[in-house]
>>> print(open('my_file32.txt').read())   # compact mmCIF, C-alpha atoms
# COMPACT_ATOMS: atom_id res chain seq x y z
CA MET A 1 1.95 -11.29 -23.79
CA SER A 2 1.57 -13.90 -21.08
CA SER A 3 1.97 -14.55 -17.40
CA LEU A 4 3.66 -17.86 -18.29
CA ASN A 5 7.40 -17.57 -17.68
CA LEU A 6 9.20 -19.89 -20.07
CA ASP A 7 12.54 -19.08 -18.46
CA ASP A 8 11.51 -21.31 -15.56
CA PHE A 9 12.14 -24.34 -17.76
CA THR A 10 15.82 -23.45 -18.03
CA ASP A 11 16.12 -23.70 -14.25
CA LEU A 12 13.92 -26.78 -13.89
CA ILE A 13 15.50 -28.96 -16.58
CA GLU A 14 18.69 -30.80 -15.68
CA ARG A 15 20.77 -32.98 -17.94
CA PRO A 16 20.53 -36.77 -17.56
CA ASP A 17 22.82 -37.88 -14.72
CA GLY A 18 26.42 -37.72 -15.98
CA GLY A 19 27.73 -39.77 -13.08
CA VAL A 20 25.27 -42.56 -13.81
CA ARG A 21 26.27 -42.49 -17.46
CA ARG A 22 29.93 -42.93 -16.49
CA ASP A 23 28.93 -45.85 -14.27
CA ALA A 24 27.02 -47.36 -17.20
CA GLU A 25 30.08 -46.95 -19.43
CA ALA A 26 32.25 -48.61 -16.79
CA ARG A 27 29.80 -51.50 -16.53
CA ARG A 28 29.86 -51.83 -20.30
CA GLU A 29 33.66 -52.11 -20.17
CA ARG A 30 33.31 -55.09 -17.86
CA GLN A 31 30.85 -57.02 -20.00
CA ILE A 32 31.91 -60.01 -22.08
CA VAL A 33 31.21 -58.36 -25.44
CA PRO A 34 33.84 -55.73 -26.27
CA PRO A 35 32.66 -52.10 -26.01
CA GLY A 36 31.76 -50.66 -29.41
CA SER A 37 30.91 -54.03 -30.91
CA LEU A 38 27.19 -53.32 -30.49
CA GLY A 39 27.42 -49.99 -32.31
CA ARG A 40 24.82 -47.40 -31.33
CA LEU A 41 23.11 -49.85 -29.02
CA ASP A 42 25.92 -49.15 -26.55
CA ASP A 43 25.20 -45.41 -26.68
CA LEU A 44 21.47 -46.03 -26.40
CA GLY A 45 21.84 -48.17 -23.31
CA GLU A 46 24.07 -45.60 -21.63
CA TRP A 47 21.71 -42.74 -22.58
CA LEU A 48 18.76 -44.60 -21.12
CA ALA A 49 20.67 -45.45 -17.92
CA ALA A 50 21.50 -41.76 -17.44
CA ALA A 51 17.89 -40.77 -18.13
CA GLN A 52 16.62 -43.32 -15.60
CA GLY A 53 19.39 -42.64 -13.11
CA SER A 54 19.91 -46.38 -12.85
CA VAL A 55 22.75 -48.89 -13.41
CA PRO A 56 22.00 -51.46 -14.58
CA VAL A 57 19.41 -49.84 -16.82
CA ARG A 58 15.79 -50.83 -16.21
CA PRO A 59 13.78 -52.35 -19.07
CA VAL A 60 11.30 -50.12 -20.91
CA VAL A 61 8.03 -51.78 -19.90
CA ARG A 62 5.43 -48.99 -20.08
CA PRO A 63 5.99 -47.03 -23.29
CA ARG A 64 3.16 -44.92 -24.71
CA VAL A 65 2.45 -43.35 -28.08
CA VAL A 66 1.16 -39.79 -27.64
CA LEU A 67 -0.19 -38.02 -30.72
CA PHE A 68 -1.26 -34.36 -30.75
CA ALA A 69 -3.91 -33.62 -33.36
CA GLY A 70 -5.01 -30.47 -35.15
CA ASP A 71 -6.03 -28.90 -38.42
CA HIS A 72 -4.18 -25.93 -39.90
CA GLY A 73 -5.86 -23.16 -41.86
CA VAL A 74 -2.90 -22.95 -44.23
CA ALA A 75 -4.08 -26.26 -45.73
CA GLU A 76 -6.75 -24.22 -47.54
CA LEU A 77 -3.98 -23.15 -49.93
CA GLY A 78 -3.60 -26.68 -51.27
CA VAL A 79 -0.28 -27.39 -49.58
CA SER A 80 -1.24 -30.92 -48.56
CA ALA A 81 -2.33 -34.03 -50.42
CA ARG A 82 -5.27 -34.30 -48.03
CA PRO A 83 -8.24 -31.90 -48.01
CA ALA A 84 -8.13 -29.03 -45.53
CA GLY A 85 -9.87 -29.85 -42.28
CA SER A 86 -9.68 -33.63 -42.68
CA ALA A 87 -7.35 -34.52 -39.79
CA ALA A 88 -10.37 -35.83 -37.89
CA ASP A 89 -10.65 -38.62 -40.46
CA LEU A 90 -7.08 -39.68 -39.67
CA VAL A 91 -7.83 -39.62 -35.94
CA ARG A 92 -10.90 -41.80 -36.48
CA GLU A 93 -8.84 -44.31 -38.47
CA ILE A 94 -6.21 -44.41 -35.72
CA LEU A 95 -8.80 -44.99 -33.02
CA ASP A 96 -10.43 -47.67 -35.15
CA GLY A 97 -7.09 -49.42 -35.57
CA GLY A 98 -6.63 -48.90 -39.30
CA ARG A 99 -3.58 -46.64 -39.57
CA PRO A 100 0.10 -47.76 -39.66
CA VAL A 101 0.69 -46.53 -36.12
CA SER A 102 -2.30 -48.57 -34.95
CA VAL A 103 -0.97 -51.75 -36.55
CA LEU A 104 2.53 -51.27 -35.15
CA ALA A 105 1.21 -50.37 -31.72
CA ARG A 106 -0.83 -53.57 -31.61
CA ARG A 107 2.17 -55.62 -32.70
CA LEU A 108 4.40 -54.02 -30.06
CA ASP A 109 1.66 -53.94 -27.39
CA VAL A 110 1.94 -50.17 -26.90
CA PRO A 111 -1.12 -48.06 -26.04
CA VAL A 112 -1.88 -45.05 -28.26
CA ARG A 113 -3.18 -41.77 -26.88
CA VAL A 114 -4.60 -39.10 -29.19
CA VAL A 115 -4.96 -35.54 -27.87
CA ASP A 116 -7.26 -33.26 -29.89
CA MET A 117 -5.93 -29.71 -29.70
CA ALA A 118 -7.52 -28.09 -32.75
CA LEU A 119 -9.33 -30.54 -35.01
CA ASP A 120 -11.78 -28.93 -37.43
CA CYS A 121 -14.80 -30.87 -36.23
CA ALA A 122 -17.48 -30.66 -33.55
CA PRO A 123 -16.15 -31.08 -30.01
CA ASP A 124 -18.35 -34.12 -29.42
CA THR A 125 -16.95 -36.02 -32.43
CA PHE A 126 -14.56 -37.98 -30.22
CA PRO A 127 -14.59 -39.32 -26.64
CA GLU A 128 -13.92 -37.06 -23.70
CA ASP A 129 -10.43 -38.46 -23.10
CA VAL A 130 -9.47 -37.32 -26.62
CA VAL A 131 -11.03 -33.83 -26.61
CA ARG A 132 -10.73 -32.61 -23.03
CA HIS A 133 -7.59 -30.53 -23.72
CA ARG A 134 -8.96 -29.02 -26.96
CA VAL A 135 -8.24 -25.31 -27.38
CA ARG A 136 -10.11 -24.33 -30.56
CA ARG A 137 -11.50 -25.58 -33.85
CA GLY A 138 -8.65 -25.42 -36.38
CA SER A 139 -5.75 -22.98 -36.40
CA GLY A 140 -5.50 -19.72 -38.33
CA ARG A 141 -4.00 -19.38 -41.81
CA ILE A 142 -0.44 -18.49 -40.96
CA ASP A 143 0.47 -16.92 -44.31
CA PHE A 144 -1.53 -13.81 -43.38
CA GLU A 145 -2.91 -14.22 -39.82
CA ASP A 146 -1.90 -15.67 -36.48
CA ALA A 147 -2.52 -19.34 -35.88
CA LEU A 148 -3.69 -18.63 -32.33
CA THR A 149 -4.51 -15.79 -30.00
CA PRO A 150 -2.02 -15.22 -27.18
CA GLU A 151 -4.47 -16.78 -24.72
CA GLU A 152 -4.97 -19.85 -26.92
CA ALA A 153 -1.22 -20.30 -27.34
CA GLU A 154 -0.72 -20.27 -23.58
CA ALA A 155 -3.65 -22.63 -23.03
CA ALA A 156 -2.30 -25.08 -25.64
CA PHE A 157 1.22 -24.95 -24.21
CA LEU A 158 -0.09 -25.61 -20.70
CA ALA A 159 -2.26 -28.43 -22.01
CA GLY A 160 0.91 -30.09 -23.30
CA VAL A 161 2.51 -29.63 -19.88
CA ALA A 162 -0.54 -31.21 -18.26
CA VAL A 163 -0.45 -34.22 -20.62
CA ALA A 164 3.23 -34.76 -19.81
CA ASP A 165 2.43 -34.72 -16.10
CA GLU A 166 -0.41 -37.18 -16.65
CA GLU A 167 1.90 -39.58 -18.47
CA ALA A 168 4.70 -39.30 -15.91
CA ASP A 169 2.27 -39.75 -13.01
CA SER A 170 0.68 -42.81 -14.64
CA GLY A 171 4.03 -44.63 -14.83
CA THR A 172 4.83 -44.19 -18.52
CA ASP A 173 8.58 -44.78 -18.81
CA LEU A 174 9.14 -43.67 -22.43
CA VAL A 175 7.01 -41.65 -24.84
CA VAL A 176 6.79 -42.06 -28.60
CA LEU A 177 5.71 -38.60 -29.77
CA GLY A 178 3.98 -37.79 -33.03
CA ASP A 179 1.31 -35.62 -34.64
CA VAL A 180 -1.90 -36.09 -36.59
CA SER A 181 -2.46 -33.01 -38.70
CA VAL A 182 -3.29 -31.58 -42.10
CA GLY A 183 -1.06 -28.62 -42.88
CA GLY A 184 1.15 -29.31 -39.90
CA THR A 185 4.33 -29.85 -41.90
CA THR A 186 3.89 -26.37 -43.40
CA ALA A 187 3.75 -24.77 -39.96
CA ALA A 188 6.70 -26.92 -38.89
CA GLY A 189 8.67 -25.75 -41.91
CA VAL A 190 8.10 -22.13 -40.92
CA LEU A 191 9.36 -22.74 -37.39
CA VAL A 192 12.47 -24.56 -38.59
CA ALA A 193 13.29 -21.95 -41.23
CA ALA A 194 12.80 -19.12 -38.76
CA LEU A 195 14.88 -20.68 -35.99
CA CYS A 196 17.66 -21.85 -38.33
CA GLY A 197 17.76 -18.61 -40.31
CA THR A 198 17.21 -20.26 -43.67
CA ASP A 199 14.97 -19.80 -46.71
CA ALA A 200 11.61 -21.43 -47.33
CA SER A 201 12.86 -23.61 -50.17
CA VAL A 202 15.45 -25.25 -47.89
CA VAL A 203 12.82 -26.65 -45.50
CA THR A 204 9.87 -27.31 -47.81
CA GLY A 205 9.19 -31.02 -48.19
CA ARG A 206 6.56 -33.14 -49.88
CA GLY A 207 4.69 -34.28 -46.77
CA GLY A 208 3.57 -37.72 -45.67
CA GLU A 209 1.35 -38.22 -48.71
CA ALA A 210 3.63 -36.76 -51.37
CA ILE A 211 2.41 -33.60 -53.10
CA ASP A 212 3.11 -32.73 -56.73
CA ASP A 213 5.37 -29.92 -57.96
CA LEU A 214 2.58 -27.34 -58.12
CA ALA A 215 1.49 -28.05 -54.56
CA TRP A 216 5.15 -27.93 -53.47
CA MET A 217 5.44 -24.43 -54.94
CA ARG A 218 2.27 -23.34 -53.12
CA LYS A 219 3.67 -24.78 -49.90
CA CYS A 220 6.99 -23.01 -50.41
CA ALA A 221 5.19 -19.71 -51.00
CA ALA A 222 3.07 -20.19 -47.88
CA ILE A 223 6.17 -20.85 -45.76
CA ARG A 224 7.86 -17.80 -47.30
CA ASP A 225 4.90 -15.56 -46.45
CA ALA A 226 4.60 -16.95 -42.92
CA LEU A 227 8.33 -16.46 -42.38
CA ARG A 228 7.86 -12.72 -42.78
CA ARG A 229 5.45 -12.85 -39.87
CA ALA A 230 7.65 -15.15 -37.80
CA ARG A 231 10.91 -13.22 -37.86
CA PRO A 232 9.75 -10.25 -35.74
CA VAL A 233 8.80 -12.55 -32.85
CA LEU A 234 11.77 -14.94 -32.93
CA GLY A 235 12.87 -13.88 -29.46
CA GLU A 236 9.54 -14.82 -27.86
CA GLN A 237 8.81 -18.51 -28.38
CA LEU A 238 5.20 -18.42 -27.19
CA GLN A 239 4.49 -15.52 -29.55
CA LEU A 240 6.21 -17.47 -32.32
CA LEU A 241 3.96 -20.49 -31.73
CA ALA A 242 0.91 -18.22 -31.69
CA ALA A 243 1.93 -16.47 -34.90
CA VAL A 244 2.97 -19.37 -37.12
CA GLY A 245 2.51 -22.59 -35.15
CA GLY A 246 -0.83 -23.95 -34.04
CA ALA A 247 -2.50 -25.43 -30.99
CA ASP A 248 -1.06 -28.90 -31.62
CA LEU A 249 2.48 -27.55 -32.08
CA ALA A 250 2.25 -25.33 -29.00
CA ALA A 251 1.02 -28.30 -26.97
CA MET A 252 3.81 -30.54 -28.27
CA THR A 253 6.38 -27.94 -27.26
CA GLY A 254 4.99 -27.71 -23.74
CA PHE A 255 4.80 -31.50 -23.59
CA LEU A 256 8.44 -31.95 -24.61
CA LEU A 257 9.70 -29.45 -22.06
CA GLN A 258 7.67 -30.87 -19.21
CA CYS A 259 8.80 -34.39 -20.07
CA ALA A 260 12.37 -33.12 -19.65
CA VAL A 261 11.41 -31.59 -16.31
CA ARG A 262 9.90 -34.91 -15.24
CA LYS A 263 12.92 -36.85 -16.59
CA LEU A 264 10.72 -38.80 -18.99
CA PRO A 265 12.57 -39.79 -22.20
CA VAL A 266 10.86 -39.02 -25.52
CA VAL A 267 11.34 -40.55 -28.97
CA LEU A 268 10.65 -37.94 -31.67
CA ASP A 269 8.84 -38.87 -34.87
CA GLY A 270 8.87 -36.58 -37.93
CA VAL A 271 9.29 -32.95 -38.90
CA VAL A 272 6.50 -31.60 -36.69
CA ALA A 273 7.97 -33.15 -33.54
CA ALA A 274 11.44 -31.98 -34.61
CA ALA A 275 10.22 -28.41 -35.13
CA CYS A 276 8.60 -28.34 -31.70
CA ALA A 277 11.77 -29.77 -30.18
CA LEU A 278 13.73 -26.97 -31.83
CA VAL A 279 11.44 -24.39 -30.21
CA GLY A 280 11.92 -26.24 -26.93
CA GLN A 281 15.68 -26.06 -27.29
CA ARG A 282 15.44 -22.28 -27.63
CA ILE A 283 13.52 -22.20 -24.36
CA ALA A 284 15.73 -24.63 -22.39
CA PHE A 285 19.06 -25.59 -23.94
CA ARG A 286 19.47 -28.77 -21.87
CA ALA A 287 16.09 -30.22 -22.89
CA PRO A 288 17.25 -32.07 -26.08
CA ASP A 289 19.36 -34.39 -23.91
CA TRP A 290 16.08 -36.09 -22.98
CA TRP A 291 14.97 -36.66 -26.57
CA LEU A 292 15.88 -39.31 -29.10
CA ALA A 293 15.56 -38.90 -32.88
CA SER A 294 13.92 -42.04 -34.22
CA HIS A 295 14.27 -41.94 -38.00
CA ARG A 296 14.89 -39.86 -41.10
CA SER A 297 11.54 -38.97 -42.57
CA GLY A 298 12.93 -37.47 -45.77
CA GLU A 299 11.57 -34.03 -44.86
CA PRO A 300 14.33 -31.43 -45.27
CA GLY A 301 12.96 -29.44 -42.34
CA GLN A 302 13.38 -32.42 -40.04
CA ALA A 303 16.98 -32.93 -41.15
CA LYS A 304 17.72 -29.25 -40.55
CA ALA A 305 16.16 -29.25 -37.08
CA LEU A 306 17.85 -32.45 -35.93
CA ASP A 307 21.21 -31.23 -37.18
CA ARG A 308 20.79 -28.00 -35.20
CA MET A 309 20.06 -30.03 -32.05
CA ALA A 310 22.87 -32.55 -32.78
CA LEU A 311 20.40 -35.45 -32.71
CA GLU A 312 21.30 -38.39 -34.95
CA PRO A 313 18.34 -40.52 -36.11
CA LEU A 314 18.41 -44.23 -35.34
CA LEU A 315 16.72 -45.45 -38.51
CA ASP A 316 16.60 -44.56 -42.18
CA GLN A 317 13.74 -46.54 -43.70
CA GLY A 318 12.10 -43.77 -45.72
CA VAL A 319 8.96 -43.78 -43.56
CA LYS A 320 7.05 -40.58 -44.34
CA VAL A 321 3.57 -41.39 -43.08
CA GLY A 322 3.92 -39.46 -39.81
CA GLU A 323 1.52 -40.13 -36.90
CA GLY A 324 4.34 -41.65 -34.83
CA ALA A 325 4.79 -44.74 -37.03
CA GLY A 326 8.49 -44.13 -37.75
CA ALA A 327 9.22 -43.38 -34.10
CA LEU A 328 7.43 -46.53 -33.02
CA LEU A 329 9.72 -48.56 -35.28
CA ALA A 330 12.65 -47.33 -33.19
CA LEU A 331 11.13 -48.54 -29.91
CA PRO A 332 12.37 -52.16 -30.23
CA LEU A 333 15.91 -50.83 -30.69
CA VAL A 334 15.66 -48.88 -27.46
CA GLN A 335 14.27 -51.91 -25.66
CA ALA A 336 17.00 -54.12 -27.14
CA ALA A 337 19.69 -51.68 -26.00
CA ALA A 338 18.26 -51.71 -22.48
CA ALA A 339 18.15 -55.51 -22.40
CA LEU A 340 21.73 -55.86 -23.64
CA ALA A 341 23.06 -53.27 -21.22
CA ALA A 342 21.32 -54.93 -18.27
CA GLU A 343 21.58 -58.63 -19.07
CA LEU A 344 24.94 -59.25 -20.75
CA PRO A 345 27.15 -60.93 -18.14
CA GLU A 346 30.29 -59.32 -16.93
CA LYS A 347 33.71 -60.89 -17.39
CA PRO A 348 34.84 -63.25 -14.61
CA GLU A 349 36.62 -61.54 -11.78
CA ALA A 350 40.30 -61.07 -12.58
CA THR A 351 42.28 -64.02 -11.36
CA ALA A 352 45.94 -64.56 -11.77
CA GLU A 353 46.24 -65.78 -15.32
CA GLU A 354 49.72 -66.93 -14.52
CA PRO A 355 50.69 -68.28 -11.08
CA GLU A 356 53.00 -65.98 -9.21
CA LYS A 357 56.57 -67.18 -9.17
CA ASP A 358 58.39 -67.67 -5.95
CA PRO A 359 61.28 -65.23 -6.07
CA GLU A 360 63.51 -67.85 -4.43
CA ASP A 361 62.64 -70.41 -7.11
CA VAL A 362 63.89 -68.66 -10.16
CA SER A 363 66.43 -70.47 -12.30
CA ASP A 364 69.33 -68.59 -13.73
CA ILE A 365 69.10 -68.12 -17.44
CA THR A 366 72.38 -68.66 -19.18
>>> encode(input="my_file32.txt", output="structure tokens")
Amino acid sequence: MSSLNLDDFTDLIERPDGGVRRDAEARRERQIVPPGSLGRLDDLGEWLAAAQGSVPVRPVVRPRVVLFAGDHGVAELGVSARPAGSAADLVREILDGGRPVSVLARRLDVPVRVVDMALDCAPDTFPEDVVRHRVRRGSGRIDFEDALTPEEAEAAFLAGVAVADEEADSGTDLVVLGDVSVGGTTAAGVLVAALCGTDASVVTGRGGEAIDDLAWMRKCAAIRDALRRARPVLGEQLQLLAAVGGADLAAMTGFLLQCAVRKLPVVLDGVVAAACALVGQRIAFRAPDWWLASHRSGEPGQAKALDRMALEPLLDQGVKVGEGAGALLALPLVQAAAALAAELPEKPEATAEEPEKDPEDVSDIT
């Protein structure tokens, strides 16, 4: 199908430095607060040290929110609370500062980058820095047709790789990854069900803006129909993304893998990011060691995917809005873990707690 060799990622991706992690654990043993008393913050600090290759761990000072945007043709079936083709409205609200991720990003002083991969709007709707990686206008209706052509799938995947390189080269030291889509959770559900070998009903959720029972049944049926098209191409991940994914999902998958190549840690948001991570795991089994699950979104597909990758979410606040908001909430925890790991003082050097006794000055005990 493609000249792109995904097997290269298996060779290129290494695990975070195990020796550095052991050094971080040893340092933690020497600090004044007993190991384990900080709960998962201990694990977070050690994970980040291994990812950075640094003890003590460096502070996270240049995080970035990266959101991949696209519309999905399957939304025409009424599987979303939002109208089909309206993801551009969400992007506009984010850029104007009116969405939850915008508010949180301002509060935390984190820049937000939106990457249009397949919005259903004119290419000149948004600035050049948003649209320059765009592959097509909307993605195909996956219940009966491919989301992308093979060429579009490769172009989207490589666009994600390019965005990861841009972020790594610019000095970004941690990425908060999310999506802005209408119909994206349906495509994500198909990927998770296909890769986990489960039925549509097990992965079908209500979405960020909760749908009613009738819409849930339409969504379940759409995932079921798309699953029939996904199963024959399970062994070829790029074909799978072309058949039942979309340009935004293909780009996110490429982005996640290249971040692992570049040793750039990523905090995953909701079910769409989790589904792409699951595809990435199939391509390169060591890649999930570079990713952190931020929160439980309440989407059953997300829970299934994270369980398969053995990623335990940091938060459980019931945030379902998507667009990276839940993942951004986890950022202060990561930064706190880094600060504690680096700044807690170590215990004083061991000195003789009891003066040594002169062997010639020992009284007989009667």
>>> closest_atom_pairs(input="my_file32.txt", of="stretch 313-344 of chain A", to="stretch 81-92 of chain A", cutoff="12 Å", atoms="all atoms listed in the file", output="tab-separated table")
residue	atom	partner	partner_atom	distance
A:Val321	CA	A:Leu90	CA	11.3
A:Gly322	CA	A:Leu90	CA	11.0
A:Glu323	CA	A:Leu90	CA	9.0
>>> residues_around(input="my_file32.txt", residues="A:Val175", least_positions_apart="5", cutoff="8 Å", atoms="all atoms listed in the file", output="number ranges by chain")
A: 63-66, 264-267
>>> residues_around(input="my_file32.txt", residues="A:Gly326", least_positions_apart="3", cutoff="10 Å", atoms="all atoms listed in the file", output="ChimeraX atom specification")
/A:100-101,104,176,178,267-270,294-297,315-323,329-331
>>> residues_around(input="my_file32.txt", residues="A:Leu6", least_positions_apart="6", cutoff="10 Å", atoms="all atoms listed in the file", output="compact mmCIF listing (two decimals) with C-alpha atoms, in the frame of the given file")
# COMPACT_ATOMS: atom_id res chain seq x y z
CA GLU A 236 9.54 -14.82 -27.86
CA GLN A 237 8.81 -18.51 -28.38
CA LEU A 238 5.20 -18.42 -27.19
CA GLY A 254 4.99 -27.71 -23.74
CA LEU A 257 9.70 -29.45 -22.06
CA GLY A 280 11.92 -26.24 -26.93
CA ILE A 283 13.52 -22.20 -24.36
CA ALA A 284 15.73 -24.63 -22.39
>>> closest_residue(input="my_file32.txt", among="A:Ala188, A:Pro16, A:Gly183, A:Gly160", to="A:Ile211", atoms="all atoms listed in the file")
A:Gly183
>>> residues_around(input="my_file32.txt", residues="A:Ile13", least_positions_apart="3", cutoff="6 Å", atoms="all atoms listed in the file", output="PyMOL selection string")
chain A and resi 9-10+261
>>> atom_distance(input="my_file32.txt", atom1="atom CA of A:Glu14", atom2="atom CA of A:Trp47")
14.1 Å
>>> residues_near_point(input="my_file32.txt", point="(4.9, -31.2, -52.3)", cutoff="9 Å", atoms="all atoms listed in the file", output="JSON list (two decimals) with C-alpha atoms, keeping the file's coordinate frame")
[["chain", "number", "residue", "atom", "x", "y", "z"],
["A", 79, "VAL", "CA", -0.28, -27.39, -49.58],
["A", 80, "SER", "CA", -1.24, -30.92, -48.56],
["A", 81, "ALA", "CA", -2.33, -34.03, -50.42],
["A", 204, "THR", "CA", 9.87, -27.31, -47.81],
["A", 205, "GLY", "CA", 9.19, -31.02, -48.19],
["A", 206, "ARG", "CA", 6.56, -33.14, -49.88],
["A", 207, "GLY", "CA", 4.69, -34.28, -46.77],
["A", 209, "GLU", "CA", 1.35, -38.22, -48.71],
["A", 210, "ALA", "CA", 3.63, -36.76, -51.37],
["A", 211, "ILE", "CA", 2.41, -33.60, -53.10],
["A", 212, "ASP", "CA", 3.11, -32.73, -56.73],
["A", 213, "ASP", "CA", 5.37, -29.92, -57.96],
["A", 214, "LEU", "CA", 2.58, -27.34, -58.12],
["A", 215, "ALA", "CA", 1.49, -28.05, -54.56],
["A", 216, "TRP", "CA", 5.15, -27.93, -53.47],
["A", 217, "MET", "CA", 5.44, -24.43, -54.94],
["A", 218, "ARG", "CA", 2.27, -23.34, -53.12],
["A", 219, "LYS", "CA", 3.67, -24.78, -49.90],
["A", 220, "CYS", "CA", 6.99, -23.01, -50.41]]
>>> atom_distance(input="my_file32.txt", atom1="atom CA of A:Ala51", atom2="atom CA of A:Val33")
23.2 Å
>>> residues_around(input="my_file32.txt", residues="stretch 130-137 of chain A", least_positions_apart="5", cutoff="8 Å", atoms="only C-alpha atoms", output="list in words")
Asp71, Arg113, Val114, Val115, Asp116, Met117, Ala118, Leu119, Asp120, Cys121, Ala122, Pro123, Asp124, Glu152, Ala155, Ala156, Ala159 and Ala247 of chain A
>>> closest_residue(input="my_file32.txt", among="A:Val74, A:Gly189, A:Ala339, A:Gln258", to="A:Ala164", atoms="all atoms listed in the file")
A:Gln258
>>> closest_residue(input="my_file32.txt", among="A:Ala200, A:Ala337, A:Val112, A:Arg40", to="A:Pro313", atoms="only C-alpha atoms")
A:Arg40
>>> closest_residue(input="my_file32.txt", among="A:Asp199, A:Glu46, A:Asp165, A:Glu343", to="A:Ala260", atoms="only C-alpha atoms")
A:Asp165
>>> residues_near_point(input="my_file32.txt", point="(8.7, -24.2, -40.3)", cutoff="12 Å", atoms="only C-alpha atoms", output="ChimeraX atom specification")
/A:142-143,183-205,219-220,222-231,240-241,243-246,249,271-279,299-302,304-305
>>> atom_distance(input="my_file32.txt", atom1="atom CA of A:Thr253", atom2="atom CA of A:Leu12")
15.4 Å
>>> closest_residue(input="my_file32.txt", among="A:Gly324, A:Pro345, A:Pro56, A:Asp169", to="A:Pro34", atoms="only C-alpha atoms")
A:Pro345
>>> decode(input="my_file32.txt", residues="stretch 132-137 of chain A", atoms="all heavy atoms", output="mmCIF file, in the first residue's frame")
data_model
loop_
_atom_site.group_PDB
_atom_site.id
_atom_site.type_symbol
_atom_site.label_atom_id
_atom_site.label_comp_id
_atom_site.auth_asym_id
_atom_site.auth_seq_id
_atom_site.Cartn_x
_atom_site.Cartn_y
_atom_site.Cartn_z
ATOM 1 N N ARG A 132 -1.603 24.322 7.443
ATOM 2 C CA ARG A 132 -0.560 23.949 6.479
ATOM 3 C C ARG A 132 -0.310 22.452 6.372
ATOM 4 O O ARG A 132 0.278 21.989 5.395
ATOM 5 C CB ARG A 132 0.743 24.678 6.792
ATOM 6 C CG ARG A 132 1.381 24.362 8.120
ATOM 7 C CD ARG A 132 2.519 25.334 8.398
ATOM 8 N NE ARG A 132 3.069 25.176 9.724
ATOM 9 C CZ ARG A 132 4.079 24.384 10.004
ATOM 10 N NH1 ARG A 132 4.638 23.659 9.052
ATOM 11 N NH2 ARG A 132 4.532 24.318 11.242
ATOM 12 N N HIS A 133 -0.775 21.657 7.349
ATOM 13 C CA HIS A 133 -0.612 20.200 7.260
ATOM 14 C C HIS A 133 -1.897 19.498 6.791
ATOM 15 O O HIS A 133 -1.940 18.265 6.748
ATOM 16 C CB HIS A 133 -0.201 19.635 8.619
ATOM 17 C CG HIS A 133 1.191 20.001 9.029
ATOM 18 N ND1 HIS A 133 2.313 19.520 8.390
ATOM 19 C CD2 HIS A 133 1.644 20.811 10.022
ATOM 20 C CE1 HIS A 133 3.392 19.998 8.976
ATOM 21 N NE2 HIS A 133 3.013 20.787 9.966
ATOM 22 N N ARG A 134 -2.915 20.256 6.453
ATOM 23 C CA ARG A 134 -4.219 19.711 6.089
ATOM 24 C C ARG A 134 -4.102 18.724 4.929
ATOM 25 O O ARG A 134 -3.405 18.966 3.944
ATOM 26 C CB ARG A 134 -5.132 20.878 5.716
ATOM 27 C CG ARG A 134 -6.536 20.505 5.291
ATOM 28 C CD ARG A 134 -7.237 21.776 4.846
ATOM 29 N NE ARG A 134 -8.579 21.533 4.353
ATOM 30 C CZ ARG A 134 -9.671 22.038 4.896
ATOM 31 N NH1 ARG A 134 -9.577 22.807 5.961
ATOM 32 N NH2 ARG A 134 -10.857 21.789 4.380
ATOM 33 N N VAL A 135 -4.824 17.611 5.043
ATOM 34 C CA VAL A 135 -4.781 16.553 4.035
ATOM 35 C C VAL A 135 -6.005 16.579 3.118
ATOM 36 O O VAL A 135 -5.900 16.406 1.915
ATOM 37 C CB VAL A 135 -4.655 15.165 4.715
ATOM 38 C CG1 VAL A 135 -4.910 14.041 3.732
ATOM 39 C CG2 VAL A 135 -3.277 15.022 5.339
ATOM 40 N N ARG A 136 -7.189 16.802 3.686
ATOM 41 C CA ARG A 136 -8.409 16.795 2.889
ATOM 42 C C ARG A 136 -9.521 17.490 3.660
ATOM 43 O O ARG A 136 -9.337 17.882 4.819
ATOM 44 C CB ARG A 136 -8.844 15.359 2.540
ATOM 45 C CG ARG A 136 -9.071 14.483 3.755
ATOM 46 C CD ARG A 136 -9.560 13.108 3.355
ATOM 47 N NE ARG A 136 -10.985 13.110 2.995
ATOM 48 C CZ ARG A 136 -11.603 12.086 2.402
ATOM 49 N NH1 ARG A 136 -10.927 11.002 2.090
ATOM 50 N NH2 ARG A 136 -12.880 12.152 2.115
ATOM 51 N N ARG A 137 -10.667 17.643 3.021
ATOM 52 C CA ARG A 137 -11.821 18.252 3.664
ATOM 53 C C ARG A 137 -12.734 17.132 4.165
ATOM 54 O O ARG A 137 -13.445 16.491 3.400
ATOM 55 C CB ARG A 137 -12.565 19.150 2.678
ATOM 56 C CG ARG A 137 -13.783 19.833 3.278
ATOM 57 C CD ARG A 137 -14.296 20.943 2.382
ATOM 58 N NE ARG A 137 -15.461 21.588 2.988
ATOM 59 C CZ ARG A 137 -15.927 22.773 2.620
ATOM 60 N NH1 ARG A 137 -15.327 23.452 1.646
ATOM 61 N NH2 ARG A 137 -16.983 23.296 3.218
#
